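Okay, input-v8.txt now, which holds compact mmCIF, C-alpha atoms:
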```txt
# COMPACT_ATOMS: atom_id res chain seq x y z
CA MET N 1 0.00 0.00 0.00
CA GLU N 2 2.89 2.39 0.76
CA LYS N 3 4.11 2.03 -2.82
CA ILE N 4 0.70 2.03 -4.46
CA ILE N 5 -0.41 5.44 -3.14
CA PRO N 6 2.68 7.38 -4.38
CA GLU N 7 2.47 5.55 -7.70
CA PHE N 8 -1.23 6.40 -7.99
CA LEU N 9 -0.57 10.08 -7.24
CA ARG N 10 2.25 10.25 -9.81
CA TYR N 11 0.02 8.58 -12.37
CA LEU N 12 -2.85 10.95 -11.61
CA GLY N 13 -0.49 13.92 -11.92
CA ASN N 14 0.67 12.67 -15.32
CA LEU N 15 -2.93 12.31 -16.47
CA LEU N 16 -3.66 15.89 -15.42
CA LEU N 17 -0.56 17.17 -17.18
CA LEU N 18 -1.21 15.22 -20.37
CA THR N 19 -4.87 16.22 -20.61
CA LEU N 20 -4.72 19.88 -19.57
CA GLY N 21 -1.08 20.93 -19.87
CA VAL N 22 -1.08 21.96 -23.54
CA ILE N 23 -4.35 23.87 -23.14
CA VAL N 24 -3.02 25.78 -20.12
CA VAL N 25 0.23 26.66 -21.91
CA CYS N 26 -1.64 27.86 -25.01
CA GLY N 27 -4.03 30.00 -22.97
CA LEU N 28 -1.20 31.49 -20.90
CA ALA N 29 0.90 32.25 -23.99
CA ALA N 30 -2.03 33.97 -25.71
CA TRP N 31 -2.76 36.05 -22.61
CA LEU N 32 0.87 37.10 -22.21
CA ALA N 33 1.11 37.99 -25.89
CA GLU N 34 -1.94 40.23 -25.71
CA ARG N 35 -0.71 41.97 -22.54
CA LEU N 36 2.77 42.50 -23.98
CA PHE N 37 1.35 43.82 -27.25
CA VAL N 38 -0.74 46.48 -25.50
CA ARG N 39 2.07 47.38 -23.10
CA LEU N 40 4.82 47.67 -25.72
CA SER N 41 2.82 49.16 -28.58
CA GLY N 42 0.51 51.42 -26.61
CA VAL N 43 -2.18 50.92 -29.26
CA GLY N 44 -4.77 49.03 -27.26
CA LYS N 45 -7.45 50.41 -29.58
CA PHE N 46 -6.23 47.98 -32.23
CA VAL N 47 -7.65 45.21 -30.06
CA TYR N 48 -11.08 46.68 -30.85
CA VAL N 49 -10.34 46.46 -34.58
CA SER N 50 -9.30 42.82 -34.37
CA SER N 51 -12.35 42.10 -32.21
CA ILE N 52 -14.60 42.45 -35.26
CA VAL N 53 -13.45 38.95 -36.20
CA GLY N 54 -11.83 37.67 -33.02
CA THR N 55 -14.60 38.32 -30.50
CA PRO N 56 -17.40 36.45 -32.35
CA VAL N 57 -15.07 33.47 -32.76
CA HIS N 58 -14.21 33.70 -29.05
CA GLU N 59 -17.85 33.79 -27.93
CA LEU N 60 -18.90 31.03 -30.32
CA GLY N 61 -16.30 28.84 -28.61
CA HIS N 62 -18.21 29.28 -25.36
CA ALA N 63 -21.59 28.77 -27.05
CA ILE N 64 -20.63 25.54 -28.84
CA MET N 65 -19.37 24.02 -25.60
CA CYS N 66 -22.59 25.11 -23.86
CA VAL N 67 -24.57 23.07 -26.38
CA ILE N 68 -22.29 20.03 -26.07
CA PHE N 69 -22.47 20.03 -22.26
CA MET N 70 -26.20 20.70 -22.00
CA HIS N 71 -26.06 24.26 -20.70
CA LYS N 72 -28.93 26.60 -21.50
CA ILE N 73 -27.77 29.76 -23.26
CA THR N 74 -29.81 32.55 -21.68
CA GLU N 75 -28.22 35.44 -23.56
CA MET N 76 -25.47 35.81 -26.14
CA ARG N 77 -23.80 38.87 -27.64
CA LEU N 78 -21.14 38.03 -30.20
CA LEU N 79 -19.86 41.60 -30.53
CA LEU N 80 -20.46 44.73 -28.51
CA PRO N 81 -19.16 48.27 -29.13
CA PRO N 82 -16.21 49.58 -27.09
CA GLY N 83 -17.30 51.14 -23.81
CA HIS N 84 -20.41 48.99 -23.49
CA PRO N 85 -21.84 48.98 -19.91
CA SER N 86 -21.07 45.26 -19.63
CA GLY N 87 -17.38 46.10 -19.79
CA THR N 88 -16.78 43.38 -22.38
CA LEU N 89 -16.63 43.06 -26.16
CA GLY N 90 -19.02 40.10 -26.08
CA TYR N 91 -20.43 37.49 -23.73
CA VAL N 92 -22.40 34.27 -23.41
CA SER N 93 -24.65 33.88 -20.37
CA HIS N 94 -25.65 30.31 -19.58
CA SER N 95 -27.16 28.17 -16.86
CA PHE N 96 -27.30 24.46 -16.00
CA HIS N 97 -28.90 22.03 -13.60
CA PRO N 98 -26.52 21.67 -10.62
CA LYS N 99 -27.29 17.95 -10.26
CA ASN N 100 -26.22 17.25 -13.84
CA LEU N 101 -22.59 16.11 -13.49
CA TRP N 102 -22.02 16.28 -17.24
CA ALA N 103 -23.11 19.92 -17.24
CA ARG N 104 -20.96 20.70 -14.20
CA LEU N 105 -17.94 19.13 -15.87
CA GLY N 106 -18.76 21.23 -18.92
CA ASN N 107 -17.81 24.42 -17.08
CA LEU N 108 -14.18 23.46 -17.65
CA PHE N 109 -14.58 23.11 -21.40
CA ILE N 110 -16.93 26.08 -21.74
CA GLY N 111 -14.28 28.23 -20.06
CA VAL N 112 -11.52 27.16 -22.46
CA GLY N 113 -13.85 26.92 -25.48
CA PRO N 114 -12.37 30.01 -27.21
CA ILE N 115 -9.01 28.26 -27.49
CA PHE N 116 -10.60 25.47 -29.53
CA SER N 117 -12.84 27.71 -31.65
CA GLY N 118 -9.96 30.10 -32.33
CA LEU N 119 -7.62 27.30 -33.30
CA GLY N 120 -10.33 25.77 -35.49
CA VAL N 121 -10.81 29.01 -37.45
CA MET N 122 -7.06 29.47 -37.79
CA ILE N 123 -6.65 25.97 -39.22
CA LEU N 124 -9.60 26.55 -41.57
CA MET N 125 -7.91 29.68 -42.91
CA LEU N 126 -4.66 27.80 -43.38
CA VAL N 127 -6.46 25.07 -45.30
CA LEU N 128 -8.36 27.51 -47.53
CA CYS N 129 -5.81 30.29 -48.02
CA PHE N 130 -2.47 28.51 -47.58
CA PRO N 131 -3.21 24.97 -48.86
CA ASN N 132 0.30 24.09 -50.01
CA GLN N 133 1.93 25.37 -46.85
CA TRP N 134 -0.63 23.62 -44.65
CA SER N 135 -0.22 20.30 -46.51
CA ALA N 136 3.54 20.49 -46.04
CA TYR N 137 3.09 21.22 -42.33
CA VAL N 138 0.69 18.28 -41.86
CA GLU N 139 3.11 15.97 -43.65
CA THR N 140 5.97 17.13 -41.46
CA SER N 141 3.85 16.79 -38.32
CA ASN N 142 2.90 13.23 -39.29
CA MET N 143 6.56 12.29 -39.53
CA LEU N 144 7.45 14.06 -36.28
CA VAL N 145 4.65 12.48 -34.28
CA GLY N 146 5.30 9.06 -35.79
CA GLY N 147 8.93 9.37 -34.78
CA SER N 148 8.13 10.49 -31.21
CA SER N 149 9.41 14.00 -31.82
CA GLU N 150 10.56 16.42 -29.17
CA PHE N 151 9.16 19.89 -28.51
CA GLY N 152 12.03 21.58 -30.32
CA GLU N 153 11.25 19.73 -33.55
CA ILE N 154 7.61 20.78 -33.36
CA VAL N 155 8.62 24.42 -32.82
CA SER N 156 10.93 24.16 -35.83
CA GLY N 157 8.05 22.82 -37.91
CA VAL N 158 5.81 25.73 -36.91
CA PHE N 159 8.47 28.29 -37.83
CA SER N 160 8.91 26.54 -41.19
CA LEU N 161 5.17 26.98 -41.74
CA LEU N 162 5.35 30.71 -40.91
CA LEU N 163 8.35 31.27 -43.17
CA SER N 164 6.68 29.45 -46.07
CA MET N 165 3.42 31.43 -45.91
CA PRO N 166 4.65 34.50 -47.91
CA ALA N 167 4.95 32.23 -50.96
CA ALA N 168 1.15 31.98 -51.05
CA PHE N 169 0.91 35.70 -51.89
CA ALA N 170 2.48 34.98 -55.29
CA ASP N 171 -0.36 32.57 -56.11
CA CYS N 172 -3.32 34.67 -54.92
CA TRP N 173 -2.36 37.71 -52.90
CA TRP N 174 -5.86 38.79 -51.84
CA GLN N 175 -6.75 35.30 -50.63
CA ALA N 176 -3.53 35.04 -48.64
CA LEU N 177 -4.04 38.54 -47.23
CA ILE N 178 -7.57 37.75 -46.03
CA GLY N 179 -6.43 34.48 -44.52
CA LEU N 180 -3.49 36.08 -42.72
CA ALA N 181 -5.65 38.92 -41.37
CA VAL N 182 -8.27 36.53 -40.01
CA ILE N 183 -5.61 34.32 -38.42
CA LEU N 184 -3.91 37.28 -36.74
CA PHE N 185 -7.19 38.80 -35.52
CA VAL N 186 -8.40 35.49 -34.10
CA SER N 187 -5.07 34.72 -32.44
CA GLN N 188 -5.33 37.95 -30.45
CA HIS N 189 -8.65 36.87 -28.95
CA ILE N 190 -7.87 33.28 -28.00
CA THR N 191 -6.88 34.64 -24.60
CA LEU N 192 -9.29 33.87 -21.76
CA SER N 193 -10.94 36.45 -19.54
CA GLY N 194 -11.03 36.30 -15.75
CA ALA N 195 -14.63 35.07 -15.92
CA ASP N 196 -13.60 32.33 -18.37
CA ILE N 197 -10.84 31.13 -16.05
CA LYS N 198 -13.07 31.30 -12.98
CA GLY N 199 -15.73 29.22 -14.70
CA ALA N 200 -13.20 26.64 -15.85
CA LEU N 201 -11.62 26.34 -12.40
CA SER N 202 -15.02 25.63 -10.83
CA ALA N 203 -15.07 22.27 -12.63
CA ILE N 204 -11.52 21.22 -11.76
CA PRO N 205 -12.45 19.26 -8.57
CA LEU N 206 -14.96 17.17 -10.53
CA TYR N 207 -12.47 16.71 -13.37
CA VAL N 208 -9.77 15.53 -10.95
CA LEU N 209 -12.24 13.12 -9.36
CA LEU N 210 -13.09 11.73 -12.80
CA LEU N 211 -9.41 11.28 -13.63
CA ALA N 212 -8.86 9.59 -10.26
CA VAL N 213 -11.53 7.03 -11.17
CA VAL N 214 -9.90 6.49 -14.57
CA ALA N 215 -6.50 6.17 -12.91
CA GLY N 216 -7.80 3.64 -10.41
CA VAL N 217 -9.48 1.49 -13.05
CA THR N 218 -6.55 1.53 -15.47
CA MET N 219 -4.09 0.74 -12.69
CA ALA N 220 -6.27 -2.16 -11.58
CA PHE N 221 -5.96 -3.62 -15.08
CA GLY N 222 -2.27 -2.75 -15.29
CA VAL N 223 -2.60 -0.69 -18.47
CA GLN N 224 -1.41 2.67 -17.14
CA GLY N 225 1.74 2.48 -19.29
CA THR N 226 -0.37 2.03 -22.43
CA VAL N 227 -2.65 4.92 -21.42
CA LEU N 228 0.28 7.27 -20.83
CA ALA N 229 1.92 6.27 -24.12
CA ALA N 230 -1.31 6.94 -26.01
CA LEU N 231 -1.75 10.30 -24.29
CA HIS N 232 1.84 11.20 -25.11
CA VAL N 233 1.21 10.67 -28.83
CA PHE N 234 -2.08 12.55 -28.57
CA ASN N 235 -0.28 15.45 -26.89
CA LEU N 236 2.26 15.61 -29.69
CA TRP N 237 -0.61 15.98 -32.16
CA LEU N 238 -2.30 18.54 -29.95
CA LEU N 239 0.92 20.45 -29.41
CA SER N 240 1.62 20.56 -33.15
CA LEU N 241 -1.76 22.27 -33.59
CA PHE N 242 -1.71 24.54 -30.55
CA SER N 243 1.83 25.63 -31.42
CA ILE N 244 0.32 27.38 -34.44
CA ALA N 245 -1.88 29.50 -32.17
CA ILE N 246 1.06 30.24 -29.88
CA ALA N 247 3.27 31.17 -32.83
CA PHE N 248 0.80 33.73 -34.17
CA SER N 249 0.37 35.13 -30.67
CA LEU N 250 4.13 35.66 -30.62
CA VAL N 251 3.87 37.45 -33.98
CA TRP N 252 1.89 40.13 -32.16
CA ILE N 253 4.79 40.57 -29.76
CA LEU N 254 7.17 41.08 -32.69
CA ILE N 255 4.79 43.67 -34.17
CA ALA N 256 4.66 45.44 -30.79
CA LEU N 257 8.46 45.44 -30.58
CA VAL N 258 8.70 47.04 -34.02
CA ILE N 259 6.20 49.74 -32.97
CA TRP N 260 8.13 50.29 -29.73
CA VAL N 261 11.45 50.66 -31.58
CA LEU N 262 9.94 53.09 -34.11
CA ARG N 263 8.51 55.22 -31.31
CA ARG N 264 11.83 55.31 -29.50
CA ALA N 265 13.64 56.10 -32.74
CA ARG N 266 11.67 59.33 -33.10
CA HIS N 267 13.26 60.53 -29.87
CA TRP N 268 16.73 59.39 -30.82
CA PHE N 269 16.93 61.30 -34.10
```

Just give me the structure as C-alpha cells.
Amino acid sequence: MEKIIPEFLRYLGNLLLLTLGVIVVCGLAAWLAERLFVRLSGVGKFVYVSSIVGTPVHELGHAIMCVIFMHKITEMRLLLPPGHPSGTLGYVSHSFHPKNLWARLGNLFIGVGPIFSGLGVMILMLVLCFPNQWSAYVETSNMLVGGSSEFGEIVSGVFSLLLSMPAAFADCWWQALIGLAVILFVSQHITLSGADIKGALSAIPLYVLLLAVVAGVTMAFGVQGTVLAALHVFNLWLLSLFSIAIAFSLVWILIALVIWVLRRARHWF
C-alpha cells in the first residue's frame, strides 16, 4: 500500500498534465502575448479592430461548448461596441442544472472553449488560403509524431510553416491577405478572460475526481503504461496544432516590438 499510493498520485499527476497541460500553456501564452502587445505598442485600440473577427469566434467557442455540455444559453452577444456597460466586447450567459454532473464538468470546457474555436478558425484559414503550406506542415507533423518527436522539432516545424506562408501571396495575394488577417485577428482573442478562467476552475475538482476514477481502473488492469503512451502521442498531435496559435500570438509581440522601436527612434533622431 505504501508504494501504491505514491504511484497512484504520480500517475494521476501525469494524467492531469497530459490532458490539460497543452491547453493551459496555449491560454497562458495567448494572454501574455496580448498583454505584452498592448504594453509595448501602446495601441490598445487595435484590439477593438481585431475584435470584429476575433470576439465572435471567441464567444462562439463558449456557445458551442454550452450546447455540447447541455447548458442553457440565456443570452449571447457576439460583438459589442467599445465602452459597453457590460465592460466586455461580447459574452455568453448560460445556466445548467446543478445535479447534472455532465453539465458541471462542462464548465471546464466552456471556459476554455475560445481556445478550440480560435484554433479551429485558424486551421480553416490555413487550409483555404495557404493549402500548399498547410499540406507540407501536416506531412511534417505526421513524420514528427510518428517518430516520437521532441518539442524543439515541433517548434521548428511551426516556424517553417510561418516562413513558407509569404509564398502563397504569389499565387493569390488577396486570398492570402484575407487568410493572414483573419488568423492574426483570431489569435489575439484566444486569450481567456477572468470570468472564463473562474468558470473553468469551478469544474476542476470534478475533473480531478473523474481522472482519479480512470487512474484507479486503469491501474487495476495494469494498463497505465499504455494509457500514458497513447496520451503522449495525442499530446504531440495537440501540441503541433496549438503551437500554431502560440506562434501567431508571438507574432503580435514582434509587431509590438517594431512599434516600440519606431517610437523610441523618433526621440533618438

Using all atoms listed in the file for the distances, tell me which of N:Ser240, N:Thr191, N:Asn142, N:Thr74 is nearest to N:Val47.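 Result for the nearest residue to N:Val47: N:Thr191.
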
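Non-sequential neighbours of N:Gly194 (distance at most 12 Å, separation of 2 or more positions within a chain, only C-alpha atoms) are Gly27, Trp31, Thr88, Gly111, Val112, Thr191, Leu192, Asp196, Ile197, Lys198, Gly199, Ala200 and Leu201 of chain N.
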
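Residue nearest N:Pro205 within the list N:Ala247, N:Leu79, N:Leu101, N:Ala170: N:Leu101 [criterion: smallest interatomic distance, all atoms listed in the file].
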
Kindly indicate which residue among N:Trp102, N:Phe116, N:Phe221, N:Tyr91 lies nearest to N:Ile68, using all atoms listed in the file for the distances.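 Among the listed residues, the smallest separation from N:Ile68 belongs to N:Trp102.
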
May I ask which of the residues N:Thr19, N:Gln188, N:Gln133, N:Ser41 is the closest one to N:Ile259, counting only C-alpha atoms?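 That would be N:Ser41, the residue with the smallest distance to N:Ile259.
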
If the box runs along x, y and z of the file and leaves 3 Å on each side of stretch 108-115 of chain N, what are its centre and edge lengths in Å, one decimal, as lines of an AutoDock Vina configuration file?
```
center_x = -13.0
center_y = 26.6
center_z = -22.6
size_x = 13.9
size_y = 12.9
size_z = 15.8
```

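For N:Trp252, the set of protein, DNA and RNA residues having any atom at most 8 Å away, when counting all atoms listed in the file and skipping those fewer than 4 positions along the same chain, is Ala33, Glu34, Phe37, Leu184, Gln188, Phe248 and Ala256 of chain N.
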
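The gap separating atom CA of N:Ser187 from atom CA of N:Ala30 is 7.4 Å, in Å to one decimal.
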
Taking (-19.8, 26.7, -32.9) in the file's coordinates, which residues come within 12 Å, counting only C-alpha atoms, written as a VMD selection string? chain N and resid 56 to 68 78 110 113 to 114 116 to 118 120 to 121

Shell of 9 Å around stretch 172-183 of chain N, all atoms listed in the file, local chain residues under 3 positions omitted, as a ChimeraX atom specification: /N:50,53-54,118-119,121-123,125-126,128-130,165-166,168-169,186-188,245,248

Dump stretch 118-253 of chain N with C-alpha atoms to a file, as a PDB file, in the first residue's frame.
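Listed below is the output, out-v3.pdb:
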```pdb
ATOM      1  CA  GLY N 118      -9.957  30.099 -32.325  1.00  0.00           C
ATOM      2  CA  LEU N 119      -7.619  27.295 -33.297  1.00  0.00           C
ATOM      3  CA  GLY N 120     -10.330  25.768 -35.493  1.00  0.00           C
ATOM      4  CA  VAL N 121     -10.813  29.005 -37.446  1.00  0.00           C
ATOM      5  CA  MET N 122      -7.055  29.468 -37.793  1.00  0.00           C
ATOM      6  CA  ILE N 123      -6.649  25.966 -39.220  1.00  0.00           C
ATOM      7  CA  LEU N 124      -9.605  26.546 -41.566  1.00  0.00           C
ATOM      8  CA  MET N 125      -7.913  29.684 -42.910  1.00  0.00           C
ATOM      9  CA  LEU N 126      -4.661  27.805 -43.385  1.00  0.00           C
ATOM     10  CA  VAL N 127      -6.463  25.066 -45.303  1.00  0.00           C
ATOM     11  CA  LEU N 128      -8.361  27.512 -47.526  1.00  0.00           C
ATOM     12  CA  CYS N 129      -5.815  30.288 -48.017  1.00  0.00           C
ATOM     13  CA  PHE N 130      -2.466  28.507 -47.583  1.00  0.00           C
ATOM     14  CA  PRO N 131      -3.214  24.974 -48.861  1.00  0.00           C
ATOM     15  CA  ASN N 132       0.297  24.090 -50.014  1.00  0.00           C
ATOM     16  CA  GLN N 133       1.932  25.366 -46.849  1.00  0.00           C
ATOM     17  CA  TRP N 134      -0.626  23.615 -44.653  1.00  0.00           C
ATOM     18  CA  SER N 135      -0.219  20.301 -46.510  1.00  0.00           C
ATOM     19  CA  ALA N 136       3.538  20.485 -46.045  1.00  0.00           C
ATOM     20  CA  TYR N 137       3.088  21.216 -42.331  1.00  0.00           C
ATOM     21  CA  VAL N 138       0.691  18.284 -41.856  1.00  0.00           C
ATOM     22  CA  GLU N 139       3.106  15.966 -43.650  1.00  0.00           C
ATOM     23  CA  THR N 140       5.970  17.135 -41.459  1.00  0.00           C
ATOM     24  CA  SER N 141       3.845  16.793 -38.316  1.00  0.00           C
ATOM     25  CA  ASN N 142       2.905  13.231 -39.287  1.00  0.00           C
ATOM     26  CA  MET N 143       6.560  12.295 -39.528  1.00  0.00           C
ATOM     27  CA  LEU N 144       7.452  14.059 -36.285  1.00  0.00           C
ATOM     28  CA  VAL N 145       4.649  12.476 -34.277  1.00  0.00           C
ATOM     29  CA  GLY N 146       5.300   9.062 -35.792  1.00  0.00           C
ATOM     30  CA  GLY N 147       8.930   9.367 -34.781  1.00  0.00           C
ATOM     31  CA  SER N 148       8.133  10.494 -31.207  1.00  0.00           C
ATOM     32  CA  SER N 149       9.405  13.997 -31.821  1.00  0.00           C
ATOM     33  CA  GLU N 150      10.565  16.417 -29.175  1.00  0.00           C
ATOM     34  CA  PHE N 151       9.161  19.886 -28.512  1.00  0.00           C
ATOM     35  CA  GLY N 152      12.034  21.585 -30.322  1.00  0.00           C
ATOM     36  CA  GLU N 153      11.248  19.735 -33.546  1.00  0.00           C
ATOM     37  CA  ILE N 154       7.607  20.779 -33.362  1.00  0.00           C
ATOM     38  CA  VAL N 155       8.625  24.417 -32.823  1.00  0.00           C
ATOM     39  CA  SER N 156      10.933  24.157 -35.829  1.00  0.00           C
ATOM     40  CA  GLY N 157       8.049  22.820 -37.910  1.00  0.00           C
ATOM     41  CA  VAL N 158       5.813  25.730 -36.912  1.00  0.00           C
ATOM     42  CA  PHE N 159       8.469  28.291 -37.826  1.00  0.00           C
ATOM     43  CA  SER N 160       8.910  26.540 -41.195  1.00  0.00           C
ATOM     44  CA  LEU N 161       5.168  26.985 -41.741  1.00  0.00           C
ATOM     45  CA  LEU N 162       5.352  30.711 -40.914  1.00  0.00           C
ATOM     46  CA  LEU N 163       8.350  31.268 -43.168  1.00  0.00           C
ATOM     47  CA  SER N 164       6.675  29.448 -46.068  1.00  0.00           C
ATOM     48  CA  MET N 165       3.421  31.431 -45.915  1.00  0.00           C
ATOM     49  CA  PRO N 166       4.648  34.504 -47.907  1.00  0.00           C
ATOM     50  CA  ALA N 167       4.952  32.230 -50.958  1.00  0.00           C
ATOM     51  CA  ALA N 168       1.151  31.982 -51.047  1.00  0.00           C
ATOM     52  CA  PHE N 169       0.913  35.698 -51.890  1.00  0.00           C
ATOM     53  CA  ALA N 170       2.479  34.978 -55.285  1.00  0.00           C
ATOM     54  CA  ASP N 171      -0.358  32.572 -56.111  1.00  0.00           C
ATOM     55  CA  CYS N 172      -3.317  34.669 -54.919  1.00  0.00           C
ATOM     56  CA  TRP N 173      -2.359  37.710 -52.897  1.00  0.00           C
ATOM     57  CA  TRP N 174      -5.860  38.789 -51.837  1.00  0.00           C
ATOM     58  CA  GLN N 175      -6.755  35.299 -50.625  1.00  0.00           C
ATOM     59  CA  ALA N 176      -3.534  35.037 -48.643  1.00  0.00           C
ATOM     60  CA  LEU N 177      -4.039  38.542 -47.234  1.00  0.00           C
ATOM     61  CA  ILE N 178      -7.573  37.754 -46.025  1.00  0.00           C
ATOM     62  CA  GLY N 179      -6.432  34.476 -44.524  1.00  0.00           C
ATOM     63  CA  LEU N 180      -3.491  36.076 -42.724  1.00  0.00           C
ATOM     64  CA  ALA N 181      -5.645  38.921 -41.374  1.00  0.00           C
ATOM     65  CA  VAL N 182      -8.270  36.528 -40.007  1.00  0.00           C
ATOM     66  CA  ILE N 183      -5.609  34.316 -38.423  1.00  0.00           C
ATOM     67  CA  LEU N 184      -3.905  37.276 -36.738  1.00  0.00           C
ATOM     68  CA  PHE N 185      -7.186  38.798 -35.524  1.00  0.00           C
ATOM     69  CA  VAL N 186      -8.401  35.494 -34.102  1.00  0.00           C
ATOM     70  CA  SER N 187      -5.066  34.724 -32.441  1.00  0.00           C
ATOM     71  CA  GLN N 188      -5.329  37.953 -30.449  1.00  0.00           C
ATOM     72  CA  HIS N 189      -8.654  36.871 -28.947  1.00  0.00           C
ATOM     73  CA  ILE N 190      -7.872  33.278 -27.997  1.00  0.00           C
ATOM     74  CA  THR N 191      -6.878  34.644 -24.599  1.00  0.00           C
ATOM     75  CA  LEU N 192      -9.285  33.870 -21.756  1.00  0.00           C
ATOM     76  CA  SER N 193     -10.944  36.454 -19.536  1.00  0.00           C
ATOM     77  CA  GLY N 194     -11.025  36.303 -15.746  1.00  0.00           C
ATOM     78  CA  ALA N 195     -14.629  35.071 -15.919  1.00  0.00           C
ATOM     79  CA  ASP N 196     -13.596  32.329 -18.372  1.00  0.00           C
ATOM     80  CA  ILE N 197     -10.840  31.125 -16.054  1.00  0.00           C
ATOM     81  CA  LYS N 198     -13.075  31.298 -12.978  1.00  0.00           C
ATOM     82  CA  GLY N 199     -15.733  29.216 -14.699  1.00  0.00           C
ATOM     83  CA  ALA N 200     -13.202  26.638 -15.853  1.00  0.00           C
ATOM     84  CA  LEU N 201     -11.621  26.339 -12.403  1.00  0.00           C
ATOM     85  CA  SER N 202     -15.015  25.628 -10.830  1.00  0.00           C
ATOM     86  CA  ALA N 203     -15.073  22.267 -12.634  1.00  0.00           C
ATOM     87  CA  ILE N 204     -11.519  21.225 -11.764  1.00  0.00           C
ATOM     88  CA  PRO N 205     -12.447  19.264  -8.573  1.00  0.00           C
ATOM     89  CA  LEU N 206     -14.961  17.171 -10.533  1.00  0.00           C
ATOM     90  CA  TYR N 207     -12.472  16.712 -13.365  1.00  0.00           C
ATOM     91  CA  VAL N 208      -9.769  15.531 -10.945  1.00  0.00           C
ATOM     92  CA  LEU N 209     -12.242  13.121  -9.364  1.00  0.00           C
ATOM     93  CA  LEU N 210     -13.092  11.728 -12.800  1.00  0.00           C
ATOM     94  CA  LEU N 211      -9.414  11.282 -13.626  1.00  0.00           C
ATOM     95  CA  ALA N 212      -8.861   9.589 -10.255  1.00  0.00           C
ATOM     96  CA  VAL N 213     -11.531   7.033 -11.168  1.00  0.00           C
ATOM     97  CA  VAL N 214      -9.901   6.492 -14.569  1.00  0.00           C
ATOM     98  CA  ALA N 215      -6.496   6.174 -12.909  1.00  0.00           C
ATOM     99  CA  GLY N 216      -7.798   3.635 -10.408  1.00  0.00           C
ATOM    100  CA  VAL N 217      -9.482   1.489 -13.053  1.00  0.00           C
ATOM    101  CA  THR N 218      -6.550   1.526 -15.475  1.00  0.00           C
ATOM    102  CA  MET N 219      -4.090   0.742 -12.690  1.00  0.00           C
ATOM    103  CA  ALA N 220      -6.266  -2.158 -11.575  1.00  0.00           C
ATOM    104  CA  PHE N 221      -5.960  -3.624 -15.083  1.00  0.00           C
ATOM    105  CA  GLY N 222      -2.266  -2.754 -15.292  1.00  0.00           C
ATOM    106  CA  VAL N 223      -2.599  -0.689 -18.468  1.00  0.00           C
ATOM    107  CA  GLN N 224      -1.409   2.671 -17.144  1.00  0.00           C
ATOM    108  CA  GLY N 225       1.737   2.483 -19.291  1.00  0.00           C
ATOM    109  CA  THR N 226      -0.374   2.028 -22.432  1.00  0.00           C
ATOM    110  CA  VAL N 227      -2.647   4.918 -21.425  1.00  0.00           C
ATOM    111  CA  LEU N 228       0.283   7.269 -20.832  1.00  0.00           C
ATOM    112  CA  ALA N 229       1.921   6.267 -24.121  1.00  0.00           C
ATOM    113  CA  ALA N 230      -1.313   6.940 -26.014  1.00  0.00           C
ATOM    114  CA  LEU N 231      -1.752  10.300 -24.289  1.00  0.00           C
ATOM    115  CA  HIS N 232       1.843  11.199 -25.107  1.00  0.00           C
ATOM    116  CA  VAL N 233       1.212  10.665 -28.832  1.00  0.00           C
ATOM    117  CA  PHE N 234      -2.083  12.553 -28.575  1.00  0.00           C
ATOM    118  CA  ASN N 235      -0.282  15.452 -26.891  1.00  0.00           C
ATOM    119  CA  LEU N 236       2.258  15.613 -29.691  1.00  0.00           C
ATOM    120  CA  TRP N 237      -0.608  15.977 -32.159  1.00  0.00           C
ATOM    121  CA  LEU N 238      -2.296  18.537 -29.953  1.00  0.00           C
ATOM    122  CA  LEU N 239       0.922  20.453 -29.410  1.00  0.00           C
ATOM    123  CA  SER N 240       1.623  20.565 -33.149  1.00  0.00           C
ATOM    124  CA  LEU N 241      -1.761  22.274 -33.595  1.00  0.00           C
ATOM    125  CA  PHE N 242      -1.707  24.543 -30.549  1.00  0.00           C
ATOM    126  CA  SER N 243       1.832  25.630 -31.423  1.00  0.00           C
ATOM    127  CA  ILE N 244       0.322  27.385 -34.441  1.00  0.00           C
ATOM    128  CA  ALA N 245      -1.880  29.502 -32.165  1.00  0.00           C
ATOM    129  CA  ILE N 246       1.059  30.242 -29.876  1.00  0.00           C
ATOM    130  CA  ALA N 247       3.272  31.171 -32.832  1.00  0.00           C
ATOM    131  CA  PHE N 248       0.803  33.725 -34.172  1.00  0.00           C
ATOM    132  CA  SER N 249       0.372  35.129 -30.675  1.00  0.00           C
ATOM    133  CA  LEU N 250       4.126  35.656 -30.623  1.00  0.00           C
ATOM    134  CA  VAL N 251       3.871  37.447 -33.979  1.00  0.00           C
ATOM    135  CA  TRP N 252       1.885  40.132 -32.155  1.00  0.00           C
ATOM    136  CA  ILE N 253       4.786  40.574 -29.757  1.00  0.00           C
TER     137      ILE N 253
END
```
